[in-house]
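Colleague: Dropping the structure in here first, questions after.
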Amino acid sequence: MVADPSVRERFIPIRKAELIDCLSNSTRVTPKDRESFLLFCNILGSIFHFEFHAKTEALKESYYPFNPDNDTVTVRCISHEARKAHEDRLMAAFKNVLNQANYQQITASDLTYAISRESLFKINLVVDFEDFESQLVFRRGSQSHRIRRKKWVFKEEAIDITVYDRVALIIKYKDESYFRALKRKGLNFNPGTMIVKLFKNIPKEDLEMLFPNAQVRMKLKDKLFMGGFAVGGGITVILKASAGLVAMASILWLMSRSVFLGSGTIPPLGPVEISAMVGGMTALAAIGAFLFKQWNSYKNRKIKFMKTLGDNLYFKNLDNNAGVFYHIIADAEEEELKEALLGYFFLVQSEAGLTAAALDDAIEEWLQETFGVPIDFEIEDALGKLKRLKLCDIAGTDKTGAPVWMAVSLTEACERLDALWDNFFQMHAPTA
């Protein structure tokens, strides 16, 4: 499985520690500045960690009324209006964090495409989107993978598929009244709650398998395959049982005529008639056993499909519900730090400053040459973070009128970040 070179992702697939090590040991950093740069990375990472901790707490608080895994008690009574406010804050905050973690939203057309395509796992799934009040699906990273699969009994085909490295989704179920009106019983979820899921290595064609209400449906060829055997076997059974059924039907007809049109009593049965009745009952039992076998075969095949689905999801599931927030927050924190580090590192190297376009090109070219990955670096986002932290500013314009950015020196950057860190908490003496 390899990255698709035609698709440049915002995600930087490089570990933070390895990126810092590579930057600090490059020829661009003198031995004298290496210690200062590592201090800069440490303080900057601590600031981002502190800021994202607050976002984690906000997500947990907004999710509390909808969390199906709550194990705490509360004395608060949350009104319908308050629940809606919690939901709105949660959706907005989660979308923001996913964006910071460089996830991209999967559109309705992508889901339609997934549902319309044949599953790579040879199962057919149906999703009732009416069960959901709201839903968000995001993905990050894509790989191009060539696989071989059976097309016919003795023929294989090679196909190229797109696999998403990470897929996150949040789903809000409709309230209990909706499912009560449909007389739906035995639900494996709590109406009105939200579920949050995180998966890895999901083929684009199989996105529908991630939804909790996905139901297995047999494909047409499976129905025809089973139906062919059922019809063939059924004809054989009926032919074998036909003599016994005809004989039993004849005796029952004579008995009914005697009861309703004759003496009104059941005539005595001789050995021949009894033998015919036994043969007819045996034939009926054979037909019943055949029908039961076919129904049981259908159920077993459906269970096999469900097992295939369950086995795949078991190994692709990364986290659930509130745990997803910690996972995504950690990803977002690392992505934000990597963007700020790269932006500052290459900007501070230029004594005359750089335009946003020139800085973007320098970073993307270095990532391609050093790590071999094509990145669509978010330069505006990186410059925004550096400006917010007062580590750079616009120093003028170039001959085309584009703003030229300049970074503060490494020593001054460390001092500014240290001052920011020291002033996160201020204790004020109470006034008299």
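Numbering starts fresh at 1 for the residues of each chain in the structure tokens, the chains themselves are lettered A, B, ... in the order given, and ligands are numbered from 1 as they appear.
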List as a Markdown table every residue of segment 303-344 of chain A that is in contact with segment 199-217 of chain A, defined as an atom at most 6 Å from one of its atoms (using only C-alpha atoms), together with the nearest atom pair and the distance in Å rounded to one decimal, sorted by chain and then rising number.
Modeller:
```
| residue | atom | partner | partner_atom | distance |
| --- | --- | --- | --- | --- |
| A:Lys316 | CA | A:Lys200 | CA | 5.1 |
| A:Asn317 | CA | A:Phe199 | CA | 4.5 |
| A:Leu318 | CA | A:Phe199 | CA | 5.2 |
```
Colleague: Print the selection's residues with N, CA and C atoms to a file, as a PDB file, in the first residue's frame.
Modeller:
```pdb
ATOM      1  N   LYS A 316     -10.137  -3.032  12.731  1.00  0.00           N
ATOM      2  CA  LYS A 316     -10.032  -1.689  12.177  1.00  0.00           C
ATOM      3  C   LYS A 316     -10.483  -0.614  13.170  1.00  0.00           C
ATOM      4  N   ASN A 317     -11.120  -1.012  14.253  1.00  0.00           N
ATOM      5  CA  ASN A 317     -11.586  -0.040  15.235  1.00  0.00           C
ATOM      6  C   ASN A 317     -10.442   0.444  16.124  1.00  0.00           C
ATOM      7  N   LEU A 318     -10.285   1.760  16.221  1.00  0.00           N
ATOM      8  CA  LEU A 318      -9.213   2.336  17.036  1.00  0.00           C
ATOM      9  C   LEU A 318      -9.707   2.874  18.370  1.00  0.00           C
TER      10      LEU A 318
END
```
Colleague: Using only C-alpha atoms, can you tell me which of A:Asn99, A:Ile159, A:Thr107, A:Asn312 comes closest to Asp381 of chain A?
Modeller: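 That would be A:Asn99, the residue with the smallest distance to Asp381 of chain A.
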Colleague: Excluding Val29 of chain A and its own-chain neighbours fewer than 5 positions away, which residues fall within 12 Å of it when counting only C-alpha atoms? Please give them as a VMD selection string.
Modeller: chain A and resid 20 to 24 34 to 38 345 to 346 348 to 349 410
Colleague: Write a file of the just-selected residues containing N, CA and C atoms, as a PDB file, in the first residue's frame.
Modeller:
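The resulting file, out_8.pdb, is shown below:
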```
ATOM      1  N   ILE A  20      11.499  16.865  14.771  1.00  0.00           N
ATOM      2  CA  ILE A  20      12.349  17.742  15.579  1.00  0.00           C
ATOM      3  C   ILE A  20      13.807  17.300  15.488  1.00  0.00           C
ATOM      4  N   ASP A  21      14.028  16.000  15.548  1.00  0.00           N
ATOM      5  CA  ASP A  21      15.399  15.485  15.455  1.00  0.00           C
ATOM      6  C   ASP A  21      16.022  15.825  14.107  1.00  0.00           C
ATOM      7  N   CYS A  22      15.238  15.689  13.040  1.00  0.00           N
ATOM      8  CA  CYS A  22      15.745  15.964  11.695  1.00  0.00           C
ATOM      9  C   CYS A  22      16.054  17.449  11.520  1.00  0.00           C
ATOM     10  N   LEU A  23      15.181  18.321  12.040  1.00  0.00           N
ATOM     11  CA  LEU A  23      15.402  19.760  11.913  1.00  0.00           C
ATOM     12  C   LEU A  23      16.595  20.211  12.756  1.00  0.00           C
ATOM     13  N   SER A  24      16.675  19.739  13.999  1.00  0.00           N
ATOM     14  CA  SER A  24      17.732  20.205  14.902  1.00  0.00           C
ATOM     15  C   SER A  24      19.110  19.726  14.478  1.00  0.00           C
ATOM     16  N   ARG A  34      21.627  24.790  18.384  1.00  0.00           N
ATOM     17  CA  ARG A  34      20.855  23.547  18.498  1.00  0.00           C
ATOM     18  C   ARG A  34      20.151  23.444  19.847  1.00  0.00           C
ATOM     19  N   GLU A  35      20.818  23.786  20.920  1.00  0.00           N
ATOM     20  CA  GLU A  35      20.207  23.706  22.254  1.00  0.00           C
ATOM     21  C   GLU A  35      19.044  24.679  22.375  1.00  0.00           C
ATOM     22  N   SER A  36      19.220  25.880  21.834  1.00  0.00           N
ATOM     23  CA  SER A  36      18.141  26.877  21.872  1.00  0.00           C
ATOM     24  C   SER A  36      16.946  26.408  21.057  1.00  0.00           C
ATOM     25  N   PHE A  37      17.202  25.765  19.912  1.00  0.00           N
ATOM     26  CA  PHE A  37      16.098  25.284  19.079  1.00  0.00           C
ATOM     27  C   PHE A  37      15.321  24.179  19.790  1.00  0.00           C
ATOM     28  N   LEU A  38      16.039  23.271  20.449  1.00  0.00           N
ATOM     29  CA  LEU A  38      15.353  22.207  21.188  1.00  0.00           C
ATOM     30  C   LEU A  38      14.530  22.784  22.337  1.00  0.00           C
ATOM     31  N   PHE A 345      10.880  27.418  11.441  1.00  0.00           N
ATOM     32  CA  PHE A 345      12.230  26.972  11.106  1.00  0.00           C
ATOM     33  C   PHE A 345      12.681  27.539   9.758  1.00  0.00           C
ATOM     34  N   PHE A 346      11.843  27.428   8.760  1.00  0.00           N
ATOM     35  CA  PHE A 346      12.251  27.886   7.426  1.00  0.00           C
ATOM     36  C   PHE A 346      12.151  29.406   7.283  1.00  0.00           C
ATOM     37  N   VAL A 348      12.815  31.608   9.824  1.00  0.00           N
ATOM     38  CA  VAL A 348      13.915  32.226  10.559  1.00  0.00           C
ATOM     39  C   VAL A 348      15.244  32.065   9.822  1.00  0.00           C
ATOM     40  N   GLN A 349      15.309  31.100   8.886  1.00  0.00           N
ATOM     41  CA  GLN A 349      16.531  30.909   8.115  1.00  0.00           C
ATOM     42  C   GLN A 349      16.748  32.018   7.083  1.00  0.00           C
ATOM     43  N   LEU A 410      15.811  33.298  17.196  1.00  0.00           N
ATOM     44  CA  LEU A 410      15.567  32.125  18.028  1.00  0.00           C
ATOM     45  C   LEU A 410      15.619  32.481  19.507  1.00  0.00           C
TER      46      LEU A 410
END
```
Colleague: Tell me, as a list of chain:residue names, which residues lie within 9 Å of Asp398 of chain A, counting only C-alpha atoms; anything in the same chain fewer than 3 positions away does not count.
Modeller: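 Listing them by chain and then by number gives A:Leu354, A:Thr355, A:Gly401, A:Ala402, A:Pro403, A:Val404.
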Colleague: Excluding same-chain residues fewer than 5 positions from Arg388 of chain A, what lies within 12 Å of it counting only C-alpha atoms, as an MDAnalysis selection string?
Modeller: chainID A and resid 340 381:383 393 416:417 420
Colleague: Between atom CA of Ile363 of chain A and atom CA of Ile106 of chain A, what is the distance in Å, rounded to a tenth?
Modeller: 27.3 Å
Colleague: One decimal, in Å: what's the spacing between atom CA of Glu336 of chain A and atom CA of Gln368 of chain A?
Modeller: 19.3 Å
Colleague: Rounded to one decimal place, report the atom CA of Cys392 of chain A-atom CA of Ile43 of chain A distance in Å.
Modeller: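 Interatomic distance here is 16.5 Å.
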Colleague: For Leu169 of chain A, which of A:Lys387, A:Arg28, A:Arg10, A:Arg139 is the closest residue, counting only C-alpha atoms?
Modeller: A:Arg139
Colleague: Between A:Ile379, A:Leu182, A:Met406, A:Ala58, single out the one closest to Ile394 of chain A, counting only C-alpha atoms.
Modeller: A:Met406
